[in-house]
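Reading through the structure tokens given below for one structure.
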Amino acid sequence: GNSVTQMEGPVTLSEEAFLTINCTYTATGYPSLFWYVQYPGEGLQLLLKATKADDKGSNKGFEATYRKETTSFHLEKGSVQVSDSAVYFCALGGNQGGKLIFGQGTELSVKP
Amino acid sequence: EAQVTQNPRYLITVTGKKLTVTCSQNMNHEYMSWYRQDPGLGLRQIYYSMNVEVTDKGDVPEGYKVSRKEKRNFPLILESPSPNQTSLYFCASSLSHGPQPQHFGDGTRLSIL
């Protein structure tokens with residue numbers, strides 16, 4: 001069945017460091033891929049998405065490219081800020097009705 | 001403001017005492033869903049609804065019920081809660097089923113003693 005695997009956390013970085021959070025997936029068909037962010041005490045918010053191979057999603061300095069050949073959707077940001085501290089979820093959806101399949105989440109902590 | 005509203009945000013209760021978590025959205029979305037979030041497991045879908053009076057099981061439906069009598073509301077019912085249902089619950093909605101981003105509520109933290 002469909003599944004999503006994320007790198008384990010927590011990830012701790014200093015402000016202005018480069019961020020990569022790895023995400024790989026297994027899926028039939030042509031799913032859409034999403035990154036969601038969860039700030040403490042809040043629900044999940046859509047960060048970015050990509051709907052087909054080679055699409056690049058971007059938002060707030062974060063980017064991720066839908067790579068069909070490596071079944072990956074890694075999240076990157078060139079210079080993180082303390083305010084980016086949150087839990088990040090990679091998700092797959094679109095080929096099983098509206099269901100989203102989530103990775104286990106990666107906690108990011110950015111220190112000043 | 002577009003939002004998904006869940007109530008209560010926190011609840012501590014005892015085994016076997018029926019409870020309902022309400023979910024309401026003001027975006028006229030057709031698709032609504034419930035997830036539970038557990039450490040190391042991410043979010044798993046409990047039930048979903050594609051429209052009024054249309055509901056179906058997700059990946060972990062055991063011990064839960066839902067109903068969709070109106071488009072905006074999608075309550076989650078635990079008829080006889082047990083400790084393994086202690087979790088963080090999220091309601092979500094989207095315009096339709098398919099590759100749509102979903103809007104999430106702020107979550108309900110349930111503790112079943």
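Lettering and numbering for the structure tokens are positional, with chains as A, B, ... in the shown order, residues counted from 1 in each chain, and ligands counted from 1 in the shown order.
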- request: Fewer than 2 positions away in the same chain doesn't count, so skip those; otherwise give me all residues within 8 Å of range 71-79 of chain B, counting only C-alpha atoms, as a ChimeraX atom specification.
  value: /B:16-30,32-34,51-52,63-69,81
Written selection (N, CA and C atoms) as a tab-separated table (two decimals), in the first residue's frame:
chain	number	residue	atom	x	y	z
B	16	GLY	N	-15.36	3.98	29.26
B	16	GLY	CA	-16.76	3.62	29.12
B	16	GLY	C	-17.76	4.76	29.10
B	17	LYS	N	-17.32	5.97	29.36
B	17	LYS	CA	-18.26	7.10	29.38
B	17	LYS	C	-18.31	7.75	28.00
B	18	LYS	N	-19.44	7.61	27.35
B	18	LYS	CA	-19.61	8.09	25.97
B	18	LYS	C	-19.23	9.56	25.84
B	19	LEU	N	-18.56	9.88	24.75
B	19	LEU	CA	-18.21	11.28	24.51
B	19	LEU	C	-18.29	11.60	23.02
B	20	THR	N	-18.49	12.86	22.74
B	20	THR	CA	-18.55	13.35	21.36
B	20	THR	C	-17.62	14.54	21.21
B	21	VAL	N	-16.84	14.51	20.16
B	21	VAL	CA	-16.01	15.65	19.79
B	21	VAL	C	-16.65	16.29	18.55
B	22	THR	N	-16.97	17.55	18.66
B	22	THR	CA	-17.64	18.21	17.53
B	22	THR	C	-16.62	18.82	16.58
B	23	CYS	N	-17.01	18.93	15.32
B	23	CYS	CA	-16.19	19.56	14.30
B	23	CYS	C	-17.12	20.32	13.37
B	24	SER	N	-16.78	21.56	13.11
B	24	SER	CA	-17.59	22.39	12.23
B	24	SER	C	-16.68	23.20	11.32
B	25	GLN	N	-17.05	23.28	10.04
B	25	GLN	CA	-16.28	24.10	9.09
B	25	GLN	C	-17.21	25.10	8.40
B	26	ASN	N	-16.66	26.27	8.09
B	26	ASN	CA	-17.48	27.34	7.52
B	26	ASN	C	-17.10	27.64	6.07
B	27	MET	N	-16.52	26.67	5.39
B	27	MET	CA	-16.02	26.89	4.02
B	27	MET	C	-16.86	26.18	2.97
B	28	ASN	N	-17.97	25.58	3.38
B	28	ASN	CA	-18.83	24.84	2.47
B	28	ASN	C	-18.09	23.68	1.80
B	29	HIS	N	-17.17	23.09	2.54
B	29	HIS	CA	-16.40	21.97	2.00
B	29	HIS	C	-17.23	20.70	1.97
B	30	GLU	N	-17.02	19.90	0.93
B	30	GLU	CA	-17.72	18.63	0.82
B	30	GLU	C	-17.05	17.53	1.64
B	32	MET	N	-14.80	15.88	4.57
B	32	MET	CA	-14.34	16.06	5.96
B	32	MET	C	-13.77	14.74	6.46
B	33	SER	N	-12.86	14.87	7.42
B	33	SER	CA	-12.12	13.69	7.85
B	33	SER	C	-11.68	13.86	9.30
B	34	TRP	N	-11.53	12.72	9.98
B	34	TRP	CA	-10.95	12.70	11.32
B	34	TRP	C	-9.64	11.92	11.30
B	51	ASN	N	-19.58	13.63	1.52
B	51	ASN	CA	-20.66	14.60	1.45
B	51	ASN	C	-21.71	14.23	2.49
B	52	VAL	N	-22.77	14.98	2.55
B	52	VAL	CA	-23.83	14.74	3.54
B	52	VAL	C	-24.33	13.31	3.40
B	63	GLY	N	-13.81	1.41	17.33
B	63	GLY	CA	-14.13	2.14	18.55
B	63	GLY	C	-14.68	3.53	18.32
B	64	TYR	N	-14.86	3.92	17.06
B	64	TYR	CA	-15.33	5.27	16.73
B	64	TYR	C	-16.58	5.19	15.85
B	65	LYS	N	-17.39	6.24	15.93
B	65	LYS	CA	-18.50	6.42	15.01
B	65	LYS	C	-18.50	7.88	14.56
B	66	VAL	N	-19.11	8.12	13.40
B	66	VAL	CA	-19.26	9.49	12.90
B	66	VAL	C	-20.65	9.63	12.30
B	67	SER	N	-21.03	10.86	12.06
B	67	SER	CA	-22.26	11.13	11.31
B	67	SER	C	-22.06	12.40	10.51
B	68	ARG	N	-22.81	12.53	9.43
B	68	ARG	CA	-22.73	13.74	8.60
B	68	ARG	C	-24.15	14.09	8.16
B	69	LYS	N	-24.87	14.72	9.07
B	69	LYS	CA	-26.26	15.10	8.79
B	69	LYS	C	-26.35	16.47	8.11
B	81	PRO	N	-15.34	4.72	25.37
B	81	PRO	CA	-13.90	5.00	25.25
B	81	PRO	C	-13.04	4.07	26.08
task: For Asp55 in chain A, list every protein, DNA or RNA residue within 9 Å, evaluated using only C-alpha atoms, and leave out those in the same chain fewer than 6 positions away; present the list as a PyMOL selection string.
output: chain A and resi 49+64-67
message: Only residues of chain A matter here; which ones have an atom within 9 Å of chain B, counting only C-alpha atoms? Give them as JSON, numbers by chain.
response: {"A": [8, 31, 32, 33, 34, 41, 42, 43, 44, 45, 46, 49, 51, 89, 92, 93, 94, 95, 96, 97, 98, 99, 100, 101, 102, 103, 104, 105]}
field: Expected answer as an NGL selection string: strand (DSSP E) residues in range 4-89 of chain B
entry: :B and (4-7 or 10-13 or 19-25 or 31-38 or 42-51 or 54-57 or 65-66 or 76-78 or 87-89)
Could you write out that same residue set with N, CA and C atoms as a tab-separated table (two decimals), in the first residue's frame?
chain	number	residue	atom	x	y	z
B	4	VAL	N	-11.78	25.58	10.65
B	4	VAL	CA	-12.34	24.34	11.14
B	4	VAL	C	-12.28	24.41	12.67
B	5	THR	N	-13.41	24.25	13.32
B	5	THR	CA	-13.50	24.43	14.76
B	5	THR	C	-13.82	23.12	15.44
B	6	GLN	N	-12.99	22.74	16.37
B	6	GLN	CA	-13.21	21.52	17.15
B	6	GLN	C	-13.49	21.87	18.60
B	7	ASN	N	-14.36	21.08	19.23
B	7	ASN	CA	-14.62	21.21	20.66
B	7	ASN	C	-14.92	19.84	21.28
B	10	TYR	N	-9.59	20.09	25.05
B	10	TYR	CA	-8.99	19.12	25.99
B	10	TYR	C	-10.12	18.41	26.73
B	11	LEU	N	-9.92	17.12	26.99
B	11	LEU	CA	-10.90	16.37	27.76
B	11	LEU	C	-10.21	15.22	28.46
B	12	ILE	N	-10.45	15.12	29.75
B	12	ILE	CA	-10.02	13.96	30.52
B	12	ILE	C	-11.29	13.27	30.99
B	13	THR	N	-11.40	11.98	30.70
B	13	THR	CA	-12.61	11.25	31.08
B	13	THR	C	-12.23	9.83	31.47
B	19	LEU	N	-18.56	9.88	24.75
B	19	LEU	CA	-18.21	11.28	24.51
B	19	LEU	C	-18.29	11.60	23.02
B	20	THR	N	-18.49	12.86	22.74
B	20	THR	CA	-18.55	13.35	21.36
B	20	THR	C	-17.62	14.54	21.21
B	21	VAL	N	-16.84	14.51	20.16
B	21	VAL	CA	-16.01	15.65	19.79
B	21	VAL	C	-16.65	16.29	18.55
B	22	THR	N	-16.97	17.55	18.66
B	22	THR	CA	-17.64	18.21	17.53
B	22	THR	C	-16.62	18.82	16.58
B	23	CYS	N	-17.01	18.93	15.32
B	23	CYS	CA	-16.19	19.56	14.30
B	23	CYS	C	-17.12	20.32	13.37
B	24	SER	N	-16.78	21.56	13.11
B	24	SER	CA	-17.59	22.39	12.23
B	24	SER	C	-16.68	23.20	11.32
B	25	GLN	N	-17.05	23.28	10.04
B	25	GLN	CA	-16.28	24.10	9.09
B	25	GLN	C	-17.21	25.10	8.40
B	31	TYR	N	-15.72	17.53	1.63
B	31	TYR	CA	-14.97	16.43	2.22
B	31	TYR	C	-14.53	16.79	3.63
B	32	MET	N	-14.80	15.88	4.57
B	32	MET	CA	-14.34	16.06	5.96
B	32	MET	C	-13.77	14.74	6.46
B	33	SER	N	-12.86	14.87	7.42
B	33	SER	CA	-12.12	13.69	7.85
B	33	SER	C	-11.68	13.86	9.30
B	34	TRP	N	-11.53	12.72	9.98
B	34	TRP	CA	-10.95	12.70	11.32
B	34	TRP	C	-9.64	11.92	11.30
B	35	TYR	N	-8.63	12.46	12.00
B	35	TYR	CA	-7.35	11.80	12.15
B	35	TYR	C	-7.01	11.73	13.64
B	36	ARG	N	-6.20	10.75	13.98
B	36	ARG	CA	-5.58	10.75	15.30
B	36	ARG	C	-4.08	10.82	15.12
B	37	GLN	N	-3.43	11.54	16.03
B	37	GLN	CA	-1.99	11.72	15.97
B	37	GLN	C	-1.36	11.08	17.19
B	38	ASP	N	-0.44	10.15	16.96
B	38	ASP	CA	0.26	9.46	18.04
B	38	ASP	C	1.75	9.54	17.79
B	42	GLY	N	2.73	9.53	13.18
B	42	GLY	CA	2.15	10.57	12.34
B	42	GLY	C	0.66	10.65	12.57
B	43	LEU	N	-0.08	11.01	11.53
B	43	LEU	CA	-1.53	11.08	11.61
B	43	LEU	C	-2.13	9.91	10.84
B	44	ARG	N	-3.14	9.30	11.42
B	44	ARG	CA	-3.83	8.19	10.77
B	44	ARG	C	-5.32	8.52	10.66
B	45	GLN	N	-5.88	8.21	9.53
B	45	GLN	CA	-7.27	8.56	9.29
B	45	GLN	C	-8.21	7.60	9.99
B	46	ILE	N	-9.22	8.15	10.67
B	46	ILE	CA	-10.19	7.34	11.39
B	46	ILE	C	-11.43	7.10	10.53
B	47	TYR	N	-12.08	8.16	10.12
B	47	TYR	CA	-13.25	8.13	9.25
B	47	TYR	C	-13.19	9.34	8.33
B	48	TYR	N	-13.92	9.24	7.24
B	48	TYR	CA	-14.05	10.38	6.36
B	48	TYR	C	-15.46	10.44	5.78
B	49	SER	N	-15.78	11.61	5.21
B	49	SER	CA	-17.10	11.81	4.61
B	49	SER	C	-16.93	12.62	3.33
B	50	MET	N	-17.48	12.09	2.24
B	50	MET	CA	-17.37	12.79	0.97
B	50	MET	C	-18.49	13.79	0.76
B	51	ASN	N	-19.58	13.63	1.52
B	51	ASN	CA	-20.66	14.60	1.45
B	51	ASN	C	-21.71	14.23	2.49
B	54	VAL	N	-22.81	10.61	3.58
B	54	VAL	CA	-21.86	9.67	2.98
B	54	VAL	C	-20.62	9.62	3.85
B	55	THR	N	-20.44	8.50	4.57
B	55	THR	CA	-19.27	8.35	5.43
B	55	THR	C	-18.63	7.00	5.16
B	56	ASP	N	-17.35	6.88	5.48
B	56	ASP	CA	-16.66	5.60	5.28
B	56	ASP	C	-15.48	5.50	6.22
B	57	LYS	N	-15.03	4.27	6.44
B	57	LYS	CA	-13.94	4.00	7.36
B	57	LYS	C	-12.61	4.39	6.76
B	65	LYS	N	-17.39	6.24	15.93
B	65	LYS	CA	-18.50	6.42	15.01
B	65	LYS	C	-18.50	7.88	14.56
B	66	VAL	N	-19.11	8.12	13.40
B	66	VAL	CA	-19.26	9.49	12.90
B	66	VAL	C	-20.65	9.63	12.30
B	76	LEU	N	-17.33	13.33	15.92
B	76	LEU	CA	-16.68	12.04	16.20
B	76	LEU	C	-17.20	11.52	17.53
B	77	ILE	N	-17.70	10.29	17.53
B	77	ILE	CA	-18.35	9.72	18.70
B	77	ILE	C	-17.55	8.53	19.20
B	78	LEU	N	-17.25	8.53	20.49
B	78	LEU	CA	-16.65	7.37	21.13
B	78	LEU	C	-17.71	6.81	22.07
B	87	SER	N	-5.30	10.15	22.82
B	87	SER	CA	-4.59	10.62	21.63
B	87	SER	C	-4.92	12.09	21.38
B	88	LEU	N	-4.28	12.63	20.34
B	88	LEU	CA	-4.59	13.96	19.85
B	88	LEU	C	-5.37	13.80	18.55
B	89	TYR	N	-6.55	14.39	18.48
B	89	TYR	CA	-7.45	14.20	17.36
B	89	TYR	C	-7.58	15.48	16.54
- line: Computed gap from CA of Val14 in chain B to CA of Ile112 in chain B is 5.2 Å
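Interatomic distance, CA of Leu19 in chain A to CA of Trp35 in chain A: 14.1 Å.
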